[in-house]
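Participant: File work.txt follows (compact mmCIF, C-alpha atoms and all ligand atoms):
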```txt
# COMPACT_ATOMS: atom_id res chain seq x y z
CA ASN J 1 0.67 -12.31 9.25
CA GLN J 2 -2.71 -12.42 7.56
CA ARG J 3 -5.43 -9.97 8.46
CA LYS J 4 -8.19 -11.52 10.53
CA ARG J 5 -11.57 -11.66 8.84
CA VAL J 6 -14.99 -11.04 10.32
CA LEU J 7 -18.33 -11.58 8.63
CA LEU J 8 -20.89 -8.96 9.70
CA LEU J 9 -24.55 -9.94 9.40
CA THR J 10 -26.50 -6.78 8.80
CA THR J 11 -29.54 -5.15 7.22
CA PRO J 12 -29.59 -2.45 4.51
CA ALA J 13 -30.91 0.27 6.82
CA SER J 14 -29.07 -0.72 10.00
CA TYR J 15 -27.77 2.13 12.13
CA ARG J 16 -25.06 -0.23 13.34
CA THR J 17 -23.14 -1.04 10.15
CA PRO J 18 -21.06 2.16 9.80
CA ALA J 19 -19.80 1.92 13.40
CA PHE J 20 -18.69 -1.70 12.94
CA LEU J 21 -17.07 -1.02 9.56
CA ALA J 22 -15.16 1.92 11.05
CA ALA J 23 -14.02 -0.23 13.98
CA ALA J 24 -12.81 -3.01 11.69
CA GLU J 25 -10.87 -0.43 9.71
CA ARG J 26 -9.24 0.97 12.87
CA LEU J 27 -8.28 -2.50 14.03
CA GLY J 28 -6.92 -3.66 10.69
CA LEU J 29 -9.53 -6.38 10.37
CA GLU J 30 -11.10 -7.38 7.08
CA ALA J 31 -14.87 -6.91 7.41
CA ILE J 32 -17.12 -8.76 5.00
CA GLN J 33 -20.85 -8.13 4.94
CA ALA J 34 -23.73 -10.53 4.56
CA VAL J 35 -26.79 -8.35 4.12
CA ASP J 36 -30.49 -9.16 4.38
CA LEU J 37 -31.06 -8.62 0.65
CA PRO J 38 -31.92 -10.73 -2.38
CA GLU J 39 -28.76 -11.88 -4.18
CA PRO J 40 -29.07 -9.51 -7.20
CA LEU J 41 -29.53 -6.50 -4.95
CA ALA J 42 -26.56 -7.56 -2.86
CA ARG J 43 -24.43 -7.45 -6.00
CA GLU J 44 -25.72 -3.96 -6.69
CA TRP J 45 -24.82 -2.99 -3.14
CA ASN J 46 -21.37 -4.42 -3.72
CA VAL J 47 -21.56 -6.86 -0.82
CA PRO J 48 -20.47 -10.46 -1.39
CA LEU J 49 -23.45 -12.13 0.22
CA GLY J 50 -27.20 -11.44 0.11
CA VAL J 51 -29.36 -13.73 2.24
CA ASP J 52 -32.90 -13.77 3.59
CA PHE J 53 -32.79 -13.25 7.38
CA THR J 54 -36.41 -14.34 7.69
CA ARG J 55 -35.41 -17.83 6.49
CA PRO J 56 -32.51 -18.40 8.89
CA GLU J 57 -31.99 -22.13 8.16
CA ARG J 58 -31.48 -21.50 4.44
CA ALA J 59 -29.49 -18.35 5.05
CA ALA J 60 -27.23 -20.21 7.51
CA GLU J 61 -26.50 -22.81 4.85
CA GLN J 62 -25.53 -20.07 2.37
CA VAL J 63 -23.36 -18.33 4.96
CA ALA J 64 -21.71 -21.63 5.90
CA ALA J 65 -21.00 -22.44 2.24
CA PHE J 66 -19.43 -19.00 1.81
CA VAL J 67 -17.33 -19.37 4.96
CA ARG J 68 -16.09 -22.85 3.94
CA GLU J 69 -14.74 -21.27 0.74
CA GLN J 70 -13.43 -18.13 2.37
CA PRO J 71 -12.84 -18.83 6.08
CA VAL J 72 -13.51 -16.11 8.65
CA ASP J 73 -12.45 -15.75 12.27
CA ALA J 74 -15.90 -14.67 13.47
CA ILE J 75 -19.49 -14.19 12.37
CA LEU J 76 -21.19 -11.29 14.11
CA PRO J 77 -24.87 -10.28 14.09
CA LEU J 78 -25.33 -6.50 14.29
CA ASP J 79 -29.07 -6.44 15.03
CA ASP J 80 -31.76 -8.68 16.51
CA SER J 81 -32.83 -9.73 13.02
CA ALA J 82 -29.52 -11.56 12.52
CA THR J 83 -28.98 -13.31 15.85
CA VAL J 84 -30.81 -16.54 14.94
CA LEU J 85 -28.90 -16.73 11.66
CA ALA J 86 -25.58 -16.05 13.44
CA ALA J 87 -26.14 -18.88 15.91
CA LEU J 88 -27.11 -21.35 13.19
CA ALA J 89 -24.30 -20.36 10.83
CA CYS J 90 -21.62 -20.47 13.56
CA ALA J 91 -22.83 -23.91 14.64
CA ARG J 92 -22.49 -25.16 11.07
CA VAL J 93 -18.90 -23.99 10.64
CA GLY J 94 -17.70 -24.79 14.15
CA LEU J 95 -17.38 -21.26 15.53
CA PRO J 96 -18.39 -20.58 19.15
CA HIS J 97 -22.00 -19.48 19.30
CA ASN J 98 -25.07 -18.78 21.40
CA ALA J 99 -28.04 -21.11 21.58
CA PRO J 100 -30.40 -20.35 18.69
CA ASP J 101 -33.19 -20.38 21.30
CA ALA J 102 -31.58 -17.36 22.98
CA ALA J 103 -32.00 -15.47 19.75
CA LEU J 104 -35.60 -16.62 19.40
CA ALA J 105 -36.28 -15.51 22.98
CA ALA J 106 -35.03 -12.02 22.15
CA ARG J 107 -37.77 -11.86 19.52
CA ASP J 108 -40.55 -13.45 21.55
CA LYS J 109 -41.21 -11.93 24.95
CA TYR J 110 -43.23 -14.94 26.09
CA LEU J 111 -40.40 -17.36 25.27
CA MET J 112 -38.02 -15.01 27.10
CA ARG J 113 -40.14 -15.18 30.25
CA GLU J 114 -40.52 -18.97 30.01
CA MET J 115 -36.79 -19.54 29.56
CA LEU J 116 -35.80 -17.14 32.33
CA ALA J 117 -38.30 -18.72 34.72
CA ALA J 118 -37.14 -22.23 33.78
CA GLY J 119 -33.56 -21.12 34.49
CA GLY J 120 -34.50 -19.98 37.99
CA VAL J 121 -34.34 -16.24 37.25
CA ALA J 122 -37.00 -14.04 38.90
CA VAL J 123 -39.63 -12.84 36.42
CA PRO J 124 -42.79 -10.81 36.91
CA HIS J 125 -46.02 -12.79 36.90
CA PHE J 126 -46.97 -13.24 33.24
CA GLN J 127 -49.77 -14.67 31.10
CA ARG J 128 -50.09 -14.97 27.34
CA PHE J 129 -53.33 -14.45 25.43
CA SER J 130 -54.30 -14.64 21.79
CA ALA J 131 -54.62 -11.12 20.39
CA ALA J 132 -58.07 -12.25 19.21
CA SER J 133 -59.24 -12.69 22.83
CA ASP J 134 -62.04 -10.57 24.25
CA PRO J 135 -60.24 -8.13 26.57
CA ALA J 136 -63.38 -7.50 28.61
CA HIS J 137 -63.27 -11.17 29.56
CA ILE J 138 -59.54 -11.19 30.41
CA ALA J 139 -59.79 -7.91 32.32
CA ARG J 140 -61.38 -9.75 35.25
CA GLN J 141 -58.60 -12.38 35.40
CA VAL J 142 -55.59 -10.10 35.71
CA ASN J 143 -54.12 -8.18 38.63
CA TYR J 144 -53.44 -4.44 38.54
CA PRO J 145 -51.34 -2.55 37.72
CA CYS J 146 -50.24 -4.65 34.76
CA VAL J 147 -48.38 -4.17 31.47
CA VAL J 148 -49.85 -5.24 28.14
CA LYS J 149 -47.31 -6.00 25.41
CA PRO J 150 -47.15 -7.67 22.05
CA THR J 151 -44.85 -10.71 22.20
CA ILE J 152 -43.04 -9.88 18.97
CA LEU J 153 -42.57 -6.14 18.54
CA SER J 154 -39.71 -3.99 19.85
CA GLY J 155 -38.83 -0.42 20.77
CA SER J 156 -41.64 -0.33 23.37
CA ARG J 157 -44.25 -0.43 20.62
CA GLY J 158 -47.59 -1.53 21.98
CA VAL J 159 -46.25 -1.74 25.55
CA ILE J 160 -48.95 -0.13 27.72
CA ARG J 161 -49.60 -0.02 31.46
CA ALA J 162 -53.14 -0.57 32.71
CA ASP J 163 -54.26 0.26 36.26
CA ASP J 164 -57.82 -1.04 36.04
CA PRO J 165 -60.12 -3.13 33.82
CA ASP J 166 -61.24 -0.14 31.70
CA GLN J 167 -57.65 0.83 30.94
CA PHE J 168 -56.88 -2.81 30.25
CA VAL J 169 -59.62 -3.16 27.64
CA ALA J 170 -58.41 -0.01 25.87
CA ALA J 171 -54.75 -1.04 26.07
CA PHE J 172 -55.39 -4.53 24.75
CA ALA J 173 -57.36 -3.20 21.78
CA ARG J 174 -54.71 -0.61 21.02
CA THR J 175 -51.91 -3.19 21.09
CA ARG J 176 -53.98 -5.46 18.86
CA ASP J 177 -54.36 -2.57 16.38
CA ILE J 178 -50.62 -1.92 16.41
CA LEU J 179 -50.01 -5.60 15.66
CA ALA J 180 -52.55 -5.40 12.83
CA SER J 181 -50.74 -2.37 11.40
CA GLU J 182 -47.65 -4.59 11.19
CA GLY J 183 -49.63 -7.22 9.30
CA TRP J 184 -50.39 -9.53 12.24
CA ALA J 185 -53.89 -10.95 12.14
CA PRO J 186 -55.24 -11.14 15.73
CA GLU J 187 -55.56 -14.93 15.47
CA ALA J 188 -51.86 -15.22 14.61
CA ALA J 189 -50.52 -12.87 17.29
CA SER J 190 -50.11 -13.04 21.05
CA ILE J 191 -50.28 -10.43 23.75
CA LEU J 192 -48.41 -10.83 27.01
CA VAL J 193 -49.87 -9.44 30.22
CA GLU J 194 -47.33 -8.92 32.98
CA GLU J 195 -47.32 -7.73 36.54
CA PHE J 196 -46.14 -4.09 36.53
CA LEU J 197 -42.75 -3.95 38.22
CA PRO J 198 -42.32 -0.62 40.00
CA GLY J 199 -38.79 0.79 40.16
CA PHE J 200 -36.15 2.35 38.00
CA GLU J 201 -34.37 1.00 34.97
CA VAL J 202 -30.85 0.43 33.65
CA ALA J 203 -29.32 -0.92 30.47
CA LEU J 204 -26.21 -3.07 30.52
CA GLU J 205 -23.73 -3.52 27.68
CA GLY J 206 -21.55 -6.54 28.22
CA LEU J 207 -19.39 -9.20 26.68
CA LEU J 208 -19.70 -12.87 27.47
CA THR J 209 -16.34 -14.62 27.51
CA GLU J 210 -15.09 -17.94 28.85
CA ASN J 211 -14.46 -16.02 32.10
CA GLY J 212 -18.09 -14.98 32.36
CA LEU J 213 -19.73 -11.61 31.96
CA GLN J 214 -17.59 -8.53 31.47
CA VAL J 215 -19.64 -5.37 31.97
CA LEU J 216 -18.58 -2.74 29.42
CA ALA J 217 -21.09 -0.06 30.33
CA LEU J 218 -23.98 0.25 32.75
CA PHE J 219 -26.40 3.03 31.80
CA ASP J 220 -28.81 4.68 34.20
CA LYS J 221 -32.13 5.79 32.71
CA PRO J 222 -32.84 8.82 34.88
CA ASP J 223 -36.30 9.59 33.46
CA PRO J 224 -39.08 7.71 35.27
CA LEU J 225 -40.54 4.82 33.27
CA ASP J 226 -43.88 4.39 34.98
CA GLY J 227 -46.15 4.32 31.96
CA PRO J 228 -48.70 4.29 30.54
CA PHE J 229 -46.17 4.26 27.65
CA PHE J 230 -42.48 3.55 28.01
CA GLU J 231 -40.48 5.89 25.86
CA GLU J 232 -36.72 5.60 26.19
CA THR J 233 -35.08 8.98 26.58
CA ILE J 234 -31.86 9.56 28.51
CA TYR J 235 -29.06 7.01 29.03
CA VAL J 236 -26.09 8.03 31.19
CA THR J 237 -22.99 6.07 32.11
CA PRO J 238 -21.22 5.42 34.44
CA SER J 239 -24.10 4.49 36.68
CA ARG J 240 -24.68 6.47 39.85
CA LEU J 241 -25.98 3.37 41.63
CA PRO J 242 -24.14 1.99 44.67
CA GLU J 243 -21.51 -0.71 44.01
CA GLU J 244 -23.66 -3.43 45.62
CA THR J 245 -26.59 -2.63 43.33
CA GLN J 246 -24.33 -2.64 40.28
CA ALA J 247 -22.90 -5.99 41.36
CA ALA J 248 -26.41 -7.41 41.81
CA ILE J 249 -27.36 -6.17 38.33
CA ALA J 250 -24.33 -7.87 36.78
CA GLU J 251 -25.04 -11.06 38.70
CA THR J 252 -28.68 -11.17 37.59
CA THR J 253 -27.66 -10.44 34.00
CA ALA J 254 -25.13 -13.29 34.03
CA ARG J 255 -27.75 -15.68 35.37
CA GLY J 256 -30.23 -14.49 32.76
CA ALA J 257 -27.69 -15.06 30.00
CA ALA J 258 -27.06 -18.60 31.25
CA ALA J 259 -30.80 -19.29 31.44
CA LEU J 260 -31.24 -18.21 27.83
CA GLY J 261 -28.20 -20.02 26.48
CA LEU J 262 -26.26 -16.84 25.71
CA ARG J 263 -22.63 -17.88 26.02
CA GLN J 264 -20.42 -15.56 24.03
CA GLY J 265 -20.13 -12.17 22.45
CA PRO J 266 -22.02 -8.93 23.03
CA ILE J 267 -25.12 -8.75 25.17
CA HIS J 268 -27.54 -5.93 25.74
CA ALA J 269 -29.77 -6.26 28.81
CA GLU J 270 -32.50 -4.09 30.26
CA LEU J 271 -33.34 -4.44 33.94
CA ARG J 272 -35.68 -2.82 36.42
CA ILE J 273 -34.62 -2.51 40.04
CA ASN J 274 -36.75 -2.26 43.14
CA GLU J 275 -36.51 -3.28 46.79
CA ARG J 276 -36.94 -6.92 45.73
CA GLY J 277 -33.77 -6.67 43.62
CA PRO J 278 -32.99 -6.48 39.89
CA TRP J 279 -35.43 -7.92 37.34
CA ILE J 280 -34.57 -8.67 33.75
CA ILE J 281 -36.96 -6.99 31.34
CA GLU J 282 -35.21 -8.48 28.34
CA MET J 283 -31.80 -9.28 26.94
CA ALA J 284 -30.27 -10.08 23.58
CA GLY J 285 -27.04 -11.32 22.05
CA ARG J 286 -26.16 -8.09 20.29
CA SER J 287 -24.96 -4.62 21.23
CA ILE J 288 -27.06 -1.54 21.97
CA GLY J 289 -29.18 -0.25 19.07
CA GLY J 290 -29.56 3.04 17.27
CA LEU J 291 -26.69 5.49 17.49
CA CYS J 292 -26.39 5.14 21.27
CA SER J 293 -22.94 3.55 21.24
CA THR J 294 -21.50 6.66 19.57
CA VAL J 295 -20.80 8.22 22.97
CA LEU J 296 -18.94 5.26 24.44
CA GLU J 297 -15.16 5.24 24.55
CA PHE J 298 -12.86 2.73 26.21
CA GLY J 299 -9.27 3.75 26.77
CA THR J 300 -7.71 5.89 24.10
CA GLY J 301 -9.64 5.62 20.90
CA TYR J 302 -11.50 2.36 21.47
CA LYS J 303 -15.22 2.29 20.78
CA LEU J 304 -17.74 -0.34 21.87
CA GLU J 305 -17.57 -1.91 18.41
CA ASP J 306 -13.76 -2.26 18.67
CA LEU J 307 -14.11 -4.28 21.86
CA ILE J 308 -16.79 -6.50 20.35
CA LEU J 309 -14.68 -7.16 17.26
CA LEU J 310 -11.51 -7.78 19.26
CA GLN J 311 -13.26 -10.34 21.40
CA ALA J 312 -14.95 -11.96 18.41
CA VAL J 313 -11.62 -12.61 16.67
CA GLY J 314 -9.92 -13.73 19.88
CA GLU J 315 -7.73 -10.71 20.56
CA ARG J 316 -6.97 -9.15 23.94
CA LEU J 317 -9.13 -6.24 25.02
CA PRO J 318 -7.58 -2.92 26.12
CA GLU J 319 -7.42 -2.21 29.85
CA PRO J 320 -10.48 -0.31 31.10
CA ASP J 321 -9.89 3.43 31.42
CA MET J 322 -10.69 4.40 34.99
CA ALA J 323 -10.48 8.12 34.20
CA ALA J 324 -13.05 7.92 31.39
CA PRO J 325 -15.47 10.87 31.43
CA ALA J 326 -19.21 10.45 31.94
CA VAL J 327 -21.21 10.20 28.73
CA GLY J 328 -24.85 10.06 27.78
CA VAL J 329 -27.33 10.02 24.98
CA MET J 330 -30.91 11.18 24.68
CA MET J 331 -33.19 9.42 22.26
CA ILE J 332 -35.24 12.50 21.38
CA PRO J 333 -38.88 11.83 22.29
CA ILE J 334 -41.50 12.12 19.58
CA PRO J 335 -44.01 14.52 21.14
CA ALA J 336 -46.96 13.77 18.83
CA SER J 337 -48.01 11.75 15.80
CA GLY J 338 -48.32 13.54 12.48
CA ILE J 339 -46.06 14.96 9.80
CA LEU J 340 -42.66 16.18 11.00
CA ARG J 341 -42.35 19.68 9.55
CA ARG J 342 -39.33 21.27 11.18
CA VAL J 343 -36.79 20.83 13.90
CA ASP J 344 -35.37 24.20 14.91
CA GLY J 345 -32.75 24.98 17.50
CA VAL J 346 -30.29 22.25 16.57
CA GLU J 347 -27.45 24.73 16.51
CA GLU J 348 -28.44 26.28 19.86
CA ALA J 349 -28.67 22.76 21.33
CA SER J 350 -25.23 21.86 19.97
CA LYS J 351 -23.73 24.88 21.75
CA VAL J 352 -24.70 23.68 25.23
CA PRO J 353 -21.46 22.89 27.09
CA GLY J 354 -20.94 19.13 27.18
CA ILE J 355 -23.02 18.43 24.09
CA THR J 356 -20.93 16.55 21.51
CA GLY J 357 -23.58 16.09 18.85
CA VAL J 358 -27.22 16.48 17.86
CA GLU J 359 -28.49 14.27 15.08
CA ILE J 360 -31.98 14.44 13.69
CA THR J 361 -32.53 11.08 11.98
CA ALA J 362 -36.25 11.39 11.17
CA ARG J 363 -37.08 12.73 7.75
CA LEU J 364 -38.80 16.07 7.37
CA ASN J 365 -42.23 16.08 5.71
CA HIS J 366 -42.72 12.42 6.50
CA PRO J 367 -45.15 10.81 8.95
CA ILE J 368 -43.85 10.20 12.44
CA ALA J 369 -45.65 8.45 15.28
CA ALA J 370 -45.45 8.84 19.05
CA LEU J 371 -45.56 5.79 21.29
CA PRO J 372 -47.18 3.37 21.71
CA GLU J 373 -47.63 3.32 17.91
CA GLY J 374 -44.25 4.84 17.03
CA ALA J 375 -41.55 2.73 15.44
CA SER J 376 -38.72 5.17 14.82
CA TYR J 377 -36.53 7.73 16.50
CA LEU J 378 -36.65 11.46 16.00
CA GLY J 379 -32.93 11.64 16.60
CA PHE J 380 -30.20 11.62 19.20
CA ILE J 381 -28.37 14.09 21.45
CA PHE J 382 -24.91 13.10 22.70
CA ALA J 383 -23.06 14.47 25.72
CA ARG J 384 -19.77 14.10 27.56
CA ALA J 385 -18.80 15.79 30.82
CA GLU J 386 -17.00 15.38 34.13
CA THR J 387 -19.88 13.76 35.95
CA PRO J 388 -23.10 11.86 35.16
CA VAL J 389 -25.06 14.71 36.75
CA ALA J 390 -23.49 17.21 34.35
CA VAL J 391 -24.16 14.91 31.39
CA GLU J 392 -27.81 14.58 32.30
CA ALA J 393 -28.16 18.36 32.79
CA ALA J 394 -26.53 19.04 29.41
CA LEU J 395 -28.88 16.65 27.64
CA ARG J 396 -31.93 18.25 29.23
CA GLU J 397 -30.73 21.77 28.44
CA ALA J 398 -30.01 20.85 24.81
CA HIS J 399 -33.36 19.12 24.42
CA GLY J 400 -35.07 22.22 25.83
CA ARG J 401 -33.56 24.26 22.99
CA LEU J 402 -35.10 22.11 20.26
CA ARG J 403 -38.38 23.22 18.75
CA ILE J 404 -40.11 20.34 17.03
CA ARG J 405 -43.05 21.11 14.74
CA ILE J 406 -45.38 18.26 13.90
CA THR J 407 -48.66 18.92 12.10
CA PRO J 408 -51.63 16.54 11.97
CA GLU J 409 -51.68 14.26 8.98
CA ILE J 410 -54.42 15.14 6.50
CA ARG J 411 -56.63 12.15 5.82
CA LEU J 412 -59.11 12.17 2.97
CA ARG J 413 -61.61 9.39 3.28
CA PRO J 414 -64.47 8.56 0.95
CA ILE J 415 -67.83 9.41 2.51
CA ALA J 416 -69.26 6.29 4.12
P1 LIG J 501 -39.53 -3.82 23.80
O1 LIG J 501 -38.93 -5.10 23.32
O2 LIG J 501 -40.57 -3.29 22.89
O3 LIG J 501 -38.49 -2.82 24.17
P2 LIG J 501 -39.91 -4.39 26.64
O4 LIG J 501 -40.43 -5.65 27.15
O5 LIG J 501 -38.45 -4.16 26.76
O6 LIG J 501 -40.36 -4.20 25.12
O7 LIG J 501 -40.69 -3.21 27.34
C1 LIG J 501 -40.44 -1.85 27.05
C2 LIG J 501 -40.42 -1.06 28.34
O8 LIG J 501 -41.66 -1.19 29.01
C3 LIG J 501 -39.39 -1.51 29.35
O9 LIG J 501 -38.12 -0.96 29.11
C4 LIG J 501 -40.00 -1.03 30.65
O10 LIG J 501 -39.76 0.35 30.84
C5 LIG J 501 -41.48 -1.23 30.41
N1 LIG J 501 -41.91 -2.53 30.94
C6 LIG J 501 -42.00 -3.68 30.25
N2 LIG J 501 -42.43 -4.69 31.04
C7 LIG J 501 -42.62 -4.15 32.26
C8 LIG J 501 -43.07 -4.67 33.51
N3 LIG J 501 -43.44 -5.95 33.67
N4 LIG J 501 -43.14 -3.82 34.56
C9 LIG J 501 -42.80 -2.51 34.42
N5 LIG J 501 -42.38 -1.98 33.27
C10 LIG J 501 -42.29 -2.77 32.20
CA CA J 502 -36.94 -5.84 22.68
CA CA J 503 -35.14 -0.54 24.92
CA CA J 504 -36.85 -3.22 25.54
```
Go through the file and emit its structure as structure tokens.
Facilitator:
Amino acid sequence: NQRKRVLLLTTPASYRTPAFLAAAERLGLEAIQAVDLPEPLAREWNVPLGVDFTRPERAAEQVAAFVREQPVDAILPLDDSATVLAALACARVGLPHNAPDAALAARDKYLMREMLAAGGVAVPHFQRFSAASDPAHIARQVNYPCVVKPTILSGSRGVIRADDPDQFVAAFARTRDILASEGWAPEAASILVEEFLPGFEVALEGLLTENGLQVLALFDKPDPLDGPFFEETIYVTPSRLPEETQAAIAETTARGAAALGLRQGPIHAELRINERGPWIIEMAGRSIGGLCSTVLEFGTGYKLEDLILLQAVGERLPEPDMAAPAVGVMMIPIPASGILRRVDGVEEASKVPGITGVEITARLNHPIAALPEGASYLGFIFARAETPVAVEAALREAHGRLRIRITPEIRLRPIA
């Protein structure tokens, strides 16, 4: 009775690796890591395989060669950066896999819209422009309110609402600058302009199996996301939405997955809901990012990562636990850009009834940026209580006890 083996595709700084390694350990699976590192560094890290995720064709060949020598039961991408590689590598060694295009769509918001629309899924009106375009010229062609977003960034970076042409010109320029700060020359980058969809938002964690979509968790996002920037804060599950709305969300997600060529394994989808129904903002063939999954529990002792691994290696999943408590997480908002000096009140926040953890992940005395420029989290607050209402209240109370001190960054420039 040999242990089943799973190859995890991950990055050196991924938040997701420890959770998956712990799950593999609990389940008695052998977890092997392929890390986005040059080969010599991988040896130093003591992982058997170092590959370049930015060259997925080559990396897939290396992964396939490894797997032919040392067969595995599954290859699992832990982050967006590995989903293209996972699809290509699985195809090479005959493991079930998603369409590589689905992984590309998760990294290119324009491709996502095109593929969803082609698959008959409702999408907001959208147009793509070169980031080198003159926004004053485009401002007259678009309808308001609209959302400006870079096609290739994530974490809501550079996603800005504009209500009129003046706001549009400013938003477009700001998004172009954010792209430039990531090394994208305007001529090489695109900016998507979308109809602003009013409504509220949810996030869905699911598994695609041969029987279709299994919803593992539906999170409400109780803070309004109306712009001009779209900072994620509180996630609470189970959802307080009516059954019919939840069913419509699952149905739209399943159709979106089919349109993108997502066929198996974990999916993470974000949707907005209004009186016209649910709309997919985006979806990807991976599980939720950051430390958010920490709060989730399925039955006695099963975490989200256990379920994903069990399904990946073809094992039965535990029965859903109907009596599971409500849980939630707050991605702690970054109130200003500057140098993070102190975070006080962590202990007071931890003492709020229902709070199960407060983790400050940002480094003290280092620069930190608020949205739309920001690219990192300040930290996470976790909660568990009888009801979603109590979870949300606990998160807000705990957050209120934190005192975050950020001072302006000193910049010394030569005199022009
Ligand atoms: P990212 O990949 O950076 O997370 P998204 O496309 O998911 O970018 O957008 C981030 C957030 O911006 C969404 O979760 C949503 O709140 C808001 N948003 C994006 N597009 C729209 C839209 N067309 N209408 C309304 N809100 C939007
Ligand atoms: Ca994204
Ligand atoms: Ca998000
Ligand atoms: Ca998003």
Participant: Would you pick out the contacts of range 261-265 of chain J at 7 Å or less, using only C-alpha atoms, so that residues sharing its chain but fewer than 5 positions from it are not included, and give the list as a list in words?
Facilitator: His97, Asn98, Ala99, Ala102, Leu207, Leu208, Thr209, Gly285, Ile308 and Ala312 of chain J
Participant: Give me the residues within 12 Å of Gly328 in chain J as an NGL selection string, counting all atoms listed in the file and dropping any in the same chain fewer than 6 places off.
Facilitator: :J and (217-222 or 233-239 or 291-297 or 354-357 or 380-396)
Participant: Report as JSON, numbers by chain all protein, DNA and RNA residues lying within 8 Å of Thr83 in chain J, evaluated on all atoms listed in the file, omitting residues in the same chain fewer than 3 positions from it.
Facilitator: {"J": [77, 78, 79, 80, 86, 87, 100, 103, 285, 286]}
Participant: Residues within 9 Å of ligand LIG 501 (chain J) (only C-alpha atoms and all ligand atoms), as a PyMOL selection string?
Facilitator: chain J and resi 106-109+123-126+145-161+193-203+224-227+229-232+270-272+281-283
Participant: With distances taken over only C-alpha atoms, which residue among J:Ala82, J:Ala258, J:Ala375, J:Met331 lies nearest Ala118 in chain J?
Facilitator: J:Ala258
Participant: Measure the distance from CA of Phe20 in chain J to CA of Ile267 in chain J in Å and round it to one decimal.
Facilitator: 15.5 Å
Participant: Compile the contact shell of range 24-36 of chain J as a list of chain:residue names: residues with an atom at most 7 Å away, counting only C-alpha atoms, same-chain residues fewer than 5 positions apart removed.
Facilitator: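 Result of the neighbour search: J:Arg3, J:Lys4, J:Arg5, J:Val6, J:Leu7, J:Leu8, J:Leu9, J:Thr10, J:Thr11, J:Pro12, J:Val47, J:Pro48, J:Leu49, J:Gly50, J:Val51, J:Asp52, J:Phe53.
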Participant: Can you work out which one of J:Ile332, J:Thr252, J:Arg58, J:Val72 has the shortest atom-to-atom distance to Gly379 in chain J, counting only C-alpha atoms?
Facilitator: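 Counting only C-alpha atoms, the residue closest to Gly379 in chain J is J:Ile332.
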Participant: For range 189-191 of chain J, work out the shell of residues within 9 Å, counting all atoms listed in the file and skipping chain neighbours fewer than 2 positions away, then give it as a PyMOL selection string.
Facilitator: chain J and resi 110+127-132+148-152+172+175-176+179-180+184-187+193
Participant: In terms of the shortest atom-to-atom distance over all atoms listed in the file, which of J:Val313, J:Ala284, J:Ala74, J:Ala336 is closest to ligand CA 502 (chain J)?
Facilitator: J:Ala284
Participant: Considering all atoms listed in the file, can you say which of J:Pro71, J:Pro278, J:Pro18, J:Gly289 comes closest to ligand CA 502 (chain J)?
Facilitator: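 The answer is J:Gly289, which sits nearest to ligand CA 502 (chain J).
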Participant: Between J:Glu305, J:Pro40, J:Gly206, J:Tyr377, which is the closest to ligand CA 503 (chain J) once you count all atoms listed in the file?
Facilitator: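 So, comparing all the options, the nearest one is J:Tyr377.
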